[in-house]
$ cat protein_1.cif   # mmCIF, C-alpha atoms
data_upload
loop_
_atom_site.label_atom_id
_atom_site.label_comp_id
_atom_site.auth_asym_id
_atom_site.auth_seq_id
_atom_site.Cartn_x
_atom_site.Cartn_y
_atom_site.Cartn_z
CA MET A 1 -7.16 25.90 -14.51
CA ASN A 2 -6.44 22.25 -13.91
CA PRO A 3 -9.70 20.42 -14.61
CA ASP A 4 -8.89 18.10 -11.73
CA SER A 5 -8.64 20.97 -9.31
CA PRO A 6 -10.92 20.24 -6.38
CA SER A 7 -12.12 23.80 -6.41
CA THR A 8 -14.28 22.81 -9.38
CA SER A 9 -15.16 19.26 -8.29
CA THR A 10 -17.69 18.63 -5.60
CA PRO A 11 -17.25 15.98 -2.93
CA GLU A 12 -20.14 14.13 -4.56
CA GLN A 13 -18.13 14.06 -7.76
CA TRP A 14 -15.15 12.69 -5.86
CA LEU A 15 -17.42 9.95 -4.54
CA SER A 16 -18.75 8.99 -7.95
CA GLU A 17 -15.40 9.21 -9.77
CA HIS A 18 -13.10 7.83 -7.10
CA GLY A 19 -15.36 5.97 -4.64
CA ASP A 20 -14.81 2.48 -6.02
CA ALA A 21 -11.07 3.00 -6.52
CA LEU A 22 -10.67 4.25 -2.96
CA TYR A 23 -12.74 1.35 -1.66
CA ARG A 24 -10.61 -1.21 -3.51
CA HIS A 25 -7.43 0.47 -2.30
CA ALA A 26 -8.64 0.38 1.31
CA TYR A 27 -9.98 -3.17 1.07
CA PHE A 28 -6.66 -4.37 -0.39
CA ARG A 29 -4.92 -3.07 2.71
CA LEU A 30 -7.46 -4.02 5.37
CA ARG A 31 -9.34 -7.06 3.97
CA ASP A 32 -12.46 -5.92 5.82
CA ARG A 33 -15.43 -4.49 3.91
CA MET A 34 -16.89 -2.38 6.67
CA ALA A 35 -13.53 -0.95 7.61
CA ALA A 36 -12.86 -0.16 3.96
CA GLU A 37 -16.20 1.67 3.69
CA ASP A 38 -15.30 3.70 6.77
CA MET A 39 -11.95 4.58 5.22
CA VAL A 40 -13.64 5.95 2.08
CA GLN A 41 -15.96 7.99 4.28
CA GLU A 42 -13.15 9.36 6.44
CA THR A 43 -11.06 10.15 3.39
CA LEU A 44 -13.74 12.15 1.60
CA LEU A 45 -14.71 14.02 4.77
CA ALA A 46 -11.07 14.91 5.39
CA ALA A 47 -10.57 15.87 1.76
CA MET A 48 -13.55 18.19 1.97
CA LYS A 49 -12.09 19.89 5.03
CA GLY A 50 -8.63 20.17 3.54
CA ARG A 51 -9.40 21.04 -0.06
CA GLU A 52 -7.78 24.45 0.14
CA ARG A 53 -4.48 22.75 0.86
CA PHE A 54 -4.58 20.80 -2.40
CA ALA A 55 -2.38 22.76 -4.76
CA GLY A 56 -3.47 20.82 -7.86
CA ARG A 57 0.05 19.56 -8.54
CA SER A 58 -0.80 15.88 -8.37
CA SER A 59 -3.94 14.32 -9.72
CA GLU A 60 -7.09 14.33 -7.67
CA ARG A 61 -6.92 10.53 -7.34
CA THR A 62 -3.32 10.63 -6.09
CA TRP A 63 -4.22 13.27 -3.52
CA LEU A 64 -7.19 11.28 -2.23
CA ILE A 65 -5.13 8.07 -2.10
CA GLY A 66 -2.56 9.91 0.00
CA ILE A 67 -5.23 10.89 2.52
CA LEU A 68 -6.61 7.34 2.43
CA ASN A 69 -3.21 5.82 3.20
CA ASN A 70 -2.94 7.99 6.32
CA LYS A 71 -6.44 6.98 7.40
CA VAL A 72 -5.57 3.30 6.90
CA VAL A 73 -2.50 3.67 9.12
CA ASP A 74 -4.58 5.44 11.79
CA TYR A 75 -7.15 2.65 11.64
CA LEU A 76 -4.57 -0.11 11.98
CA ARG A 77 -2.94 1.62 14.95
CA LYS A 78 -6.32 2.00 16.60
CA GLN A 79 -7.05 -1.71 16.08
CA VAL A 80 -3.87 -2.58 17.94
CA ARG A 81 -4.73 -0.26 20.86
CA GLU A 82 -8.32 -1.35 21.15
CA GLN A 83 -7.94 -5.04 20.68
CA SER A 84 -4.87 -5.45 22.87
CA LEU A 85 -4.35 -8.84 21.32
CA ASP A 86 -1.01 -10.43 21.73
CA GLN A 87 0.26 -9.64 18.28
CA GLY A 88 3.67 -11.00 19.10
CA ASP A 89 2.94 -14.62 18.41
CA LEU A 90 3.10 -15.15 14.68
CA GLY A 91 2.12 -18.78 14.85
CA ASP A 92 3.22 -21.27 12.27
CA ASP A 93 3.24 -20.69 8.60
CA GLU A 94 3.42 -24.02 6.88
CA LEU A 95 4.71 -22.64 3.63
CA GLU A 96 8.35 -22.16 4.62
CA GLY A 97 8.37 -25.70 5.99
CA LEU A 98 6.99 -27.00 2.71
CA LEU A 99 9.50 -25.13 0.57
CA PHE A 100 12.65 -26.29 2.34
CA GLU A 101 14.03 -29.67 3.34
CA ALA A 102 14.95 -30.26 6.96
CA ASP A 103 18.59 -29.59 6.11
CA GLY A 104 17.76 -26.17 4.66
CA HIS A 105 17.94 -26.92 0.92
CA TRP A 106 15.11 -25.95 -1.42
CA ARG A 107 12.76 -28.86 -1.99
CA LYS A 108 12.20 -27.59 -5.51
CA PRO A 109 14.99 -25.27 -6.68
CA PRO A 110 13.62 -21.91 -7.86
CA SER A 111 13.58 -21.65 -11.63
CA ALA A 112 14.79 -18.77 -13.76
CA TRP A 113 11.92 -16.38 -14.45
CA GLY A 114 13.80 -14.60 -17.19
CA ASP A 115 13.91 -10.97 -18.19
CA PRO A 116 11.60 -8.83 -16.04
CA ASP A 117 10.64 -6.56 -18.93
CA ALA A 118 9.48 -9.59 -20.92
CA ALA A 119 7.34 -10.65 -17.97
CA PHE A 120 5.91 -7.14 -17.54
CA GLU A 121 4.66 -7.19 -21.12
CA GLN A 122 2.46 -10.19 -20.44
CA LYS A 123 -1.16 -9.60 -19.49
CA VAL A 124 -1.22 -13.01 -17.78
CA PHE A 125 1.61 -11.89 -15.53
CA TRP A 126 -0.31 -8.88 -14.19
CA GLU A 127 -3.51 -10.92 -13.84
CA ALA A 128 -1.59 -13.52 -11.85
CA LEU A 129 0.11 -10.90 -9.69
CA SER A 130 -3.20 -9.21 -8.93
CA ARG A 131 -4.77 -12.51 -7.98
CA CYS A 132 -1.80 -13.51 -5.85
CA LEU A 133 -1.83 -10.20 -3.99
CA GLU A 134 -5.57 -10.62 -3.39
CA GLU A 135 -4.98 -14.09 -1.95
CA LEU A 136 -2.46 -13.04 0.67
CA PRO A 137 -3.68 -13.67 4.22
CA ALA A 138 -4.87 -10.45 5.87
CA ARG A 139 -1.84 -9.78 8.06
CA GLN A 140 0.61 -10.47 5.27
CA ALA A 141 -1.46 -8.23 2.98
CA GLN A 142 -1.37 -5.43 5.54
CA ALA A 143 2.37 -5.63 6.14
CA PHE A 144 3.22 -6.17 2.50
CA SER A 145 1.13 -3.28 1.18
CA LEU A 146 2.43 -0.89 3.85
CA CYS A 147 6.10 -1.78 3.32
CA GLU A 148 6.30 -2.70 -0.35
CA MET A 149 3.69 -0.39 -1.86
CA ASP A 150 3.09 2.54 0.46
CA GLY A 151 6.71 3.19 1.39
CA VAL A 152 6.33 2.59 5.10
CA GLY A 153 9.52 1.36 6.80
CA GLY A 154 9.67 -1.92 8.69
CA ALA A 155 9.95 -0.35 12.14
CA GLU A 156 7.05 2.00 11.43
CA ALA A 157 4.93 -0.85 10.03
CA GLY A 158 5.68 -2.79 13.20
CA LYS A 159 4.33 0.03 15.34
CA VAL A 160 1.26 0.34 13.16
CA LEU A 161 0.51 -3.39 13.27
CA GLY A 162 1.56 -3.95 16.87
CA VAL A 163 4.40 -6.37 16.20
CA SER A 164 8.16 -6.15 16.56
CA THR A 165 10.25 -5.08 13.60
CA THR A 166 11.76 -8.55 13.47
CA ASN A 167 8.31 -10.07 13.22
CA ILE A 168 7.44 -7.66 10.41
CA TRP A 169 10.41 -9.09 8.51
CA VAL A 170 9.14 -12.62 9.14
CA ILE A 171 5.68 -11.66 7.88
CA LEU A 172 7.18 -10.02 4.77
CA HIS A 173 9.32 -13.07 4.11
CA ARG A 174 6.29 -15.32 4.29
CA ALA A 175 4.37 -12.98 1.98
CA ARG A 176 7.16 -13.06 -0.58
CA LEU A 177 7.41 -16.85 -0.49
CA ARG A 178 3.67 -17.09 -0.89
CA LEU A 179 3.63 -14.63 -3.81
CA LYS A 180 6.48 -16.51 -5.46
CA GLU A 181 4.69 -19.84 -5.26
CA CYS A 182 1.40 -18.32 -6.37
CA LEU A 183 3.01 -16.57 -9.34
CA GLU A 184 4.70 -19.75 -10.47
CA MET A 185 1.42 -21.59 -10.36
CA ASN A 186 -0.76 -18.93 -11.95
CA TRP A 187 1.68 -17.27 -14.33
CA LEU A 188 4.07 -19.99 -15.33
CA GLY A 189 1.57 -22.76 -14.77
CA GLN A 190 3.88 -24.92 -12.77
CA ARG A 191 2.57 -27.24 -10.14
CA ALA A 192 4.17 -27.04 -6.69
CA MET B 1 27.93 -22.71 6.10
CA MET B 2 24.73 -20.96 5.24
CA MET B 3 21.87 -23.01 3.87
CA CYS B 4 19.22 -21.94 1.36
CA ARG B 5 16.52 -21.33 3.95
CA GLU B 6 18.70 -18.77 5.70
CA ALA B 7 19.96 -17.28 2.43
CA ALA B 8 16.37 -16.76 1.33
CA ARG B 9 15.61 -14.91 4.59
CA LEU B 10 18.60 -12.64 4.09
CA ILE B 11 17.58 -11.93 0.53
CA THR B 12 14.12 -10.90 1.71
CA VAL B 13 15.34 -8.82 4.64
CA SER B 14 17.85 -6.98 2.42
CA TYR B 15 14.84 -5.15 0.99
CA GLN B 16 14.05 -3.84 4.49
CA ARG B 17 17.42 -3.13 6.08
CA PRO B 18 21.06 -3.08 5.03
CA LEU B 19 22.77 -6.42 5.61
CA ARG B 20 25.59 -6.50 8.14
CA TRP B 21 29.03 -7.15 6.71
CA ARG B 22 29.11 -10.73 7.96
CA GLU B 23 25.68 -11.39 6.46
CA GLN B 24 26.79 -9.96 3.11
CA VAL B 25 29.88 -12.14 3.04
CA SER B 26 27.99 -15.31 3.99
CA LEU B 27 25.26 -14.63 1.47
CA ARG B 28 27.70 -13.89 -1.33
CA MET B 29 29.59 -17.09 -0.62
CA HIS B 30 26.37 -19.08 -0.70
CA LEU B 31 25.16 -17.45 -3.92
CA ALA B 32 28.50 -18.21 -5.57
CA ILE B 33 27.77 -21.92 -5.32
CA CYS B 34 23.95 -22.05 -5.35
CA ASP B 35 22.02 -21.66 -8.63
CA ALA B 36 18.72 -22.10 -6.85
CA CYS B 37 19.26 -19.11 -4.55
CA ARG B 38 20.64 -17.00 -7.39
CA ASN B 39 17.37 -17.64 -9.19
CA PHE B 40 15.42 -16.83 -6.04
CA LYS B 41 17.27 -13.53 -5.70
CA LYS B 42 16.35 -12.61 -9.28
CA GLN B 43 12.78 -13.69 -8.66
CA MET B 44 12.60 -11.38 -5.67
CA SER B 45 14.01 -8.52 -7.70
CA LEU B 46 11.41 -9.04 -10.40
CA LEU B 47 8.66 -9.32 -7.81
CA THR B 48 9.76 -6.10 -6.08
CA GLU B 49 9.75 -4.12 -9.30
CA ALA B 50 6.43 -5.62 -10.37
CA VAL B 51 4.76 -4.73 -7.09
CA GLN B 52 6.04 -1.18 -7.21
CA ARG B 53 4.63 -0.78 -10.72
CA PHE B 54 1.40 -2.40 -9.61
CA ALA B 55 1.15 0.07 -6.73
CA LEU B 56 1.21 2.91 -9.24
CA GLN B 57 -0.87 1.48 -12.06
CA GLY B 58 -2.55 -1.70 -11.07
CA GLU B 59 -5.76 -2.31 -9.24
CA ALA B 60 -6.67 -5.48 -7.43
CA PHE B 61 -10.23 -6.57 -6.57
CA LYS B 62 -11.46 -5.03 -9.82
CA ASP B 63 -14.97 -6.41 -9.34
CA LEU B 64 -15.37 -4.95 -5.88
CA GLN B 65 -17.68 -1.97 -5.63
CA LEU B 66 -18.74 0.34 -2.87
CA ALA B 67 -22.17 -0.92 -1.76
CA ASP B 68 -25.16 1.30 -2.51
CA ASP B 69 -26.07 1.75 1.12
CA ALA B 70 -22.50 2.76 1.97
CA ARG B 71 -22.46 5.19 -0.92
CA GLN B 72 -25.72 6.75 0.25
CA ARG B 73 -24.50 7.00 3.82
CA ILE B 74 -21.34 8.76 2.68
CA ARG B 75 -23.29 11.10 0.43
CA THR B 76 -25.48 12.08 3.37
CA LEU B 77 -22.49 12.71 5.61
CA LEU B 78 -20.75 14.82 2.98
CA ALA B 79 -23.88 16.93 2.53
CA ALA B 80 -24.21 17.31 6.29
CA GLN B 81 -20.61 18.45 6.64
CA ARG B 82 -21.00 20.92 3.82
CA GLY B 83 -24.13 22.18 5.51
CA ASP B 84 -22.15 22.66 8.72
CA LYS B 85 -19.42 24.52 6.87
CA GLU B 86 -21.79 26.84 5.11
CA GLY B 87 -23.84 27.50 8.22
CA ALA B 88 -20.76 28.38 10.28
#
$ encode --input "protein_1.cif" --output "structure tokens"
Amino acid sequence: MNPDSPSTSTPEQWLSEHGDALYRHAYFRLRDRMAAEDMVQETLLAAMKGRERFAGRSSERTWLIGILNNKVVDYLRKQVREQSLDQGDLGDDELEGLLFEADGHWRKPPSAWGDPDAAFEQKVFWEALSRCLEELPARQAQAFSLCEMDGVGGAEAGKVLGVSTTNIWVILHRARLRLKECLEMNWLGQRA
Amino acid sequence: MMMCREAARLITVSYQRPLRWREQVSLRMHLAICDACRNFKKQMSLLTEAVQRFALQGEAFKDLQLADDARQRIRTLLAAQRGDKEGA
């Protein structure tokens, strides 16, 4: 029998083995500690209810993360309904203005980062990427993690976050520019 | 003639939706004469692959831990739900 099979693990074991990982995963997407705690709670309660449906084909962690991702989406949708904020106005993001001249040219032309595989072998690269992802503003973090990490499409992410699809693309663009600048500073050590 | 700011936007959005034919042509023409945007395009490709790998293997906020009181609260709720299940 698969040692990860939930039929042998107790929910308390899930909490001790996976609690922190689930919390970090939720916090990464929500940037709110209390909400992230609630997500861990909801995930483990749901997992307990649905354990018979787990066929043991993926790892326990992967299965729990899958439930967590659904809970995160539900939470974000609920935020939009309950807050009824005007999510349409994206406001200004200074970064794009700083990166381009008035005539549309790059102020500082992007440099060649070289072979991706060479980059991926560097510990400093992954440390920088982790830090840069952590430093994304909350809304960019939400959109970016949904679309670029959790496989949610732009239109769907828009519905979840209460913005138009076009605005999702603007948010993702800003996130990418921000990650690019951050990586250059923290990985390649260049000053902006 | 497309400028870099617009080319950069198209490069980003191409990860979310297919570019229209006109957009593809304009972007290709711009990239043919702009080193800077060719580099940006490669940067975005590297970033995309890195993030996808990170999603599978990486973990951000490594020092963050579930607070003790939250952990206890969850433990209590799990026990209560199991109690409900067994009592049913």
$ resolve_selection --input "protein_1.cif" --expression "the PyMOL selection byres ((chain A and resi 187) around 12)" --output "number ranges by chain"
A: 113, 119-120, 122-132, 179-186, 188-191
$ closest_residue --input "protein_1.cif" --among "B:His30, B:Arg73, B:Arg5, B:Lys41" --to "chain A" --atoms "only C-alpha atoms"
B:Arg5
$ closest_residue --input "protein_1.cif" --among "A:Glu60, A:Asp38, A:Leu177, A:Arg51" --to "Glu17 of chain A" --atoms "all atoms listed in the file"
A:Glu60
$ resolve_selection --input "protein_1.cif" --expression "the PyMOL selection byres ((chain A) within 7 of (chain B))" --output "list in words"
Pro11, Glu12, Gly19, Asp20, Tyr23, Arg24, Glu37, Gln41, Leu45, Phe100, Gly104, His105, Trp106, Pro109, Pro110, Ser111, Ala112, Trp113, Pro116, Ser130, Glu134, Met149, Gly154, Trp169 and His173 of chain A
$ residues_around --input "protein_1.cif" --residues "Ser164 of chain A" --least-positions-apart "3" --cutoff "8 Å" --atoms "all atoms listed in the file" --output "NGL selection string"
:A and (88 or 155 or 158-159 or 167-168)
$ resolve_selection --input "protein_1.cif" --expression "the PyMOL selection byres ((chain A and resi 43) around 12)" --output "MDAnalysis selection string"
(chainID A and resid 11 14:15 18:19 22:23 25:26 36:42 44:51 61 63:72 74:75) or (chainID B and resid 74 77:78)
$ atom_distance --input "protein_1.cif" --atom1 "atom CA of Pro18 of chain B" --atom2 "atom CA of Ala118 of chain A"
29.2 Å
$ atom_distance --input "protein_1.cif" --atom1 "atom CA of Asp93 of chain A" --atom2 "atom CA of Arg176 of chain A"
12.6 Å
$ closest_residue --input "protein_1.cif" --among "A:Thr165, A:Ser58, A:Thr10, A:Ser16" --to "Gln72 of chain B" --atoms "all atoms listed in the file"
A:Ser16
$ atom_distance --input "protein_1.cif" --atom1 "atom CA of Arg178 of chain A" --atom2 "atom CA of Leu99 of chain A"
10.0 Å
$ axis_aligned_box --input "protein_1.cif" --around "segment 144-149 of chain A" --padding-each-side "5 Å" --output "AutoDock Vina command-line options"
--center_x 3.7 --center_y -3.3 --center_z 1.0 --size_x 15.2 --size_y 15.8 --size_z 15.7
$ build_atoms --input "protein_1.cif" --residues "segment 33-60 of chain A" --atoms "N, CA and C atoms" --output "compact mmCIF listing (two decimals), in the frame of the given file"
# COMPACT_ATOMS: atom_id res chain seq x y z
N ARG A 33 -14.56 -5.37 4.70
CA ARG A 33 -15.43 -4.49 3.91
C ARG A 33 -15.92 -3.28 4.68
N MET A 34 -16.35 -3.51 5.91
CA MET A 34 -16.89 -2.38 6.67
C MET A 34 -15.82 -1.35 6.97
N ALA A 35 -14.64 -1.86 7.33
CA ALA A 35 -13.53 -0.95 7.61
C ALA A 35 -13.17 -0.16 6.36
N ALA A 36 -13.20 -0.83 5.21
CA ALA A 36 -12.86 -0.16 3.96
C ALA A 36 -13.89 0.94 3.63
N GLU A 37 -15.16 0.64 3.89
CA GLU A 37 -16.20 1.67 3.69
C GLU A 37 -15.93 2.88 4.57
N ASP A 38 -15.60 2.61 5.84
CA ASP A 38 -15.30 3.70 6.77
C ASP A 38 -14.12 4.54 6.28
N MET A 39 -13.13 3.87 5.71
CA MET A 39 -11.95 4.58 5.22
C MET A 39 -12.32 5.54 4.09
N VAL A 40 -13.22 5.08 3.19
CA VAL A 40 -13.64 5.95 2.08
C VAL A 40 -14.36 7.18 2.66
N GLN A 41 -15.20 6.91 3.63
CA GLN A 41 -15.96 7.99 4.28
C GLN A 41 -15.01 8.99 4.92
N GLU A 42 -14.10 8.49 5.74
CA GLU A 42 -13.15 9.36 6.44
C GLU A 42 -12.30 10.16 5.47
N THR A 43 -11.91 9.49 4.39
CA THR A 43 -11.06 10.15 3.39
C THR A 43 -11.78 11.32 2.73
N LEU A 44 -13.02 11.09 2.30
CA LEU A 44 -13.74 12.15 1.60
C LEU A 44 -14.10 13.30 2.54
N LEU A 45 -14.43 12.96 3.79
CA LEU A 45 -14.71 14.02 4.77
C LEU A 45 -13.46 14.86 5.01
N ALA A 46 -12.32 14.19 5.16
CA ALA A 46 -11.07 14.91 5.39
C ALA A 46 -10.68 15.73 4.17
N ALA A 47 -10.92 15.16 3.00
CA ALA A 47 -10.57 15.87 1.76
C ALA A 47 -11.41 17.14 1.64
N MET A 48 -12.67 17.03 2.02
CA MET A 48 -13.55 18.19 1.97
C MET A 48 -13.03 19.30 2.88
N LYS A 49 -12.61 18.91 4.08
CA LYS A 49 -12.09 19.89 5.03
C LYS A 49 -10.81 20.52 4.53
N GLY A 50 -9.97 19.71 3.88
CA GLY A 50 -8.63 20.17 3.54
C GLY A 50 -8.44 20.59 2.10
N ARG A 51 -9.54 20.82 1.38
CA ARG A 51 -9.40 21.04 -0.06
C ARG A 51 -8.59 22.27 -0.42
N GLU A 52 -8.58 23.26 0.45
CA GLU A 52 -7.78 24.45 0.14
C GLU A 52 -6.30 24.13 0.08
N ARG A 53 -5.90 23.07 0.82
CA ARG A 53 -4.48 22.75 0.86
C ARG A 53 -4.02 22.00 -0.37
N PHE A 54 -4.96 21.54 -1.19
CA PHE A 54 -4.58 20.80 -2.40
C PHE A 54 -4.15 21.80 -3.46
N ALA A 55 -2.88 21.74 -3.84
CA ALA A 55 -2.38 22.76 -4.76
C ALA A 55 -2.63 22.40 -6.21
N GLY A 56 -3.20 21.22 -6.48
CA GLY A 56 -3.47 20.82 -7.86
C GLY A 56 -2.26 20.30 -8.60
N ARG A 57 -1.17 20.02 -7.85
CA ARG A 57 0.05 19.56 -8.54
C ARG A 57 -0.01 18.09 -8.89
N SER A 58 -0.65 17.29 -8.02
CA SER A 58 -0.80 15.88 -8.37
C SER A 58 -2.24 15.71 -8.85
N SER A 59 -2.57 14.50 -9.29
CA SER A 59 -3.94 14.32 -9.72
C SER A 59 -4.84 14.22 -8.49
N GLU A 60 -6.10 14.43 -8.73
CA GLU A 60 -7.09 14.33 -7.67
C GLU A 60 -7.04 12.95 -7.01
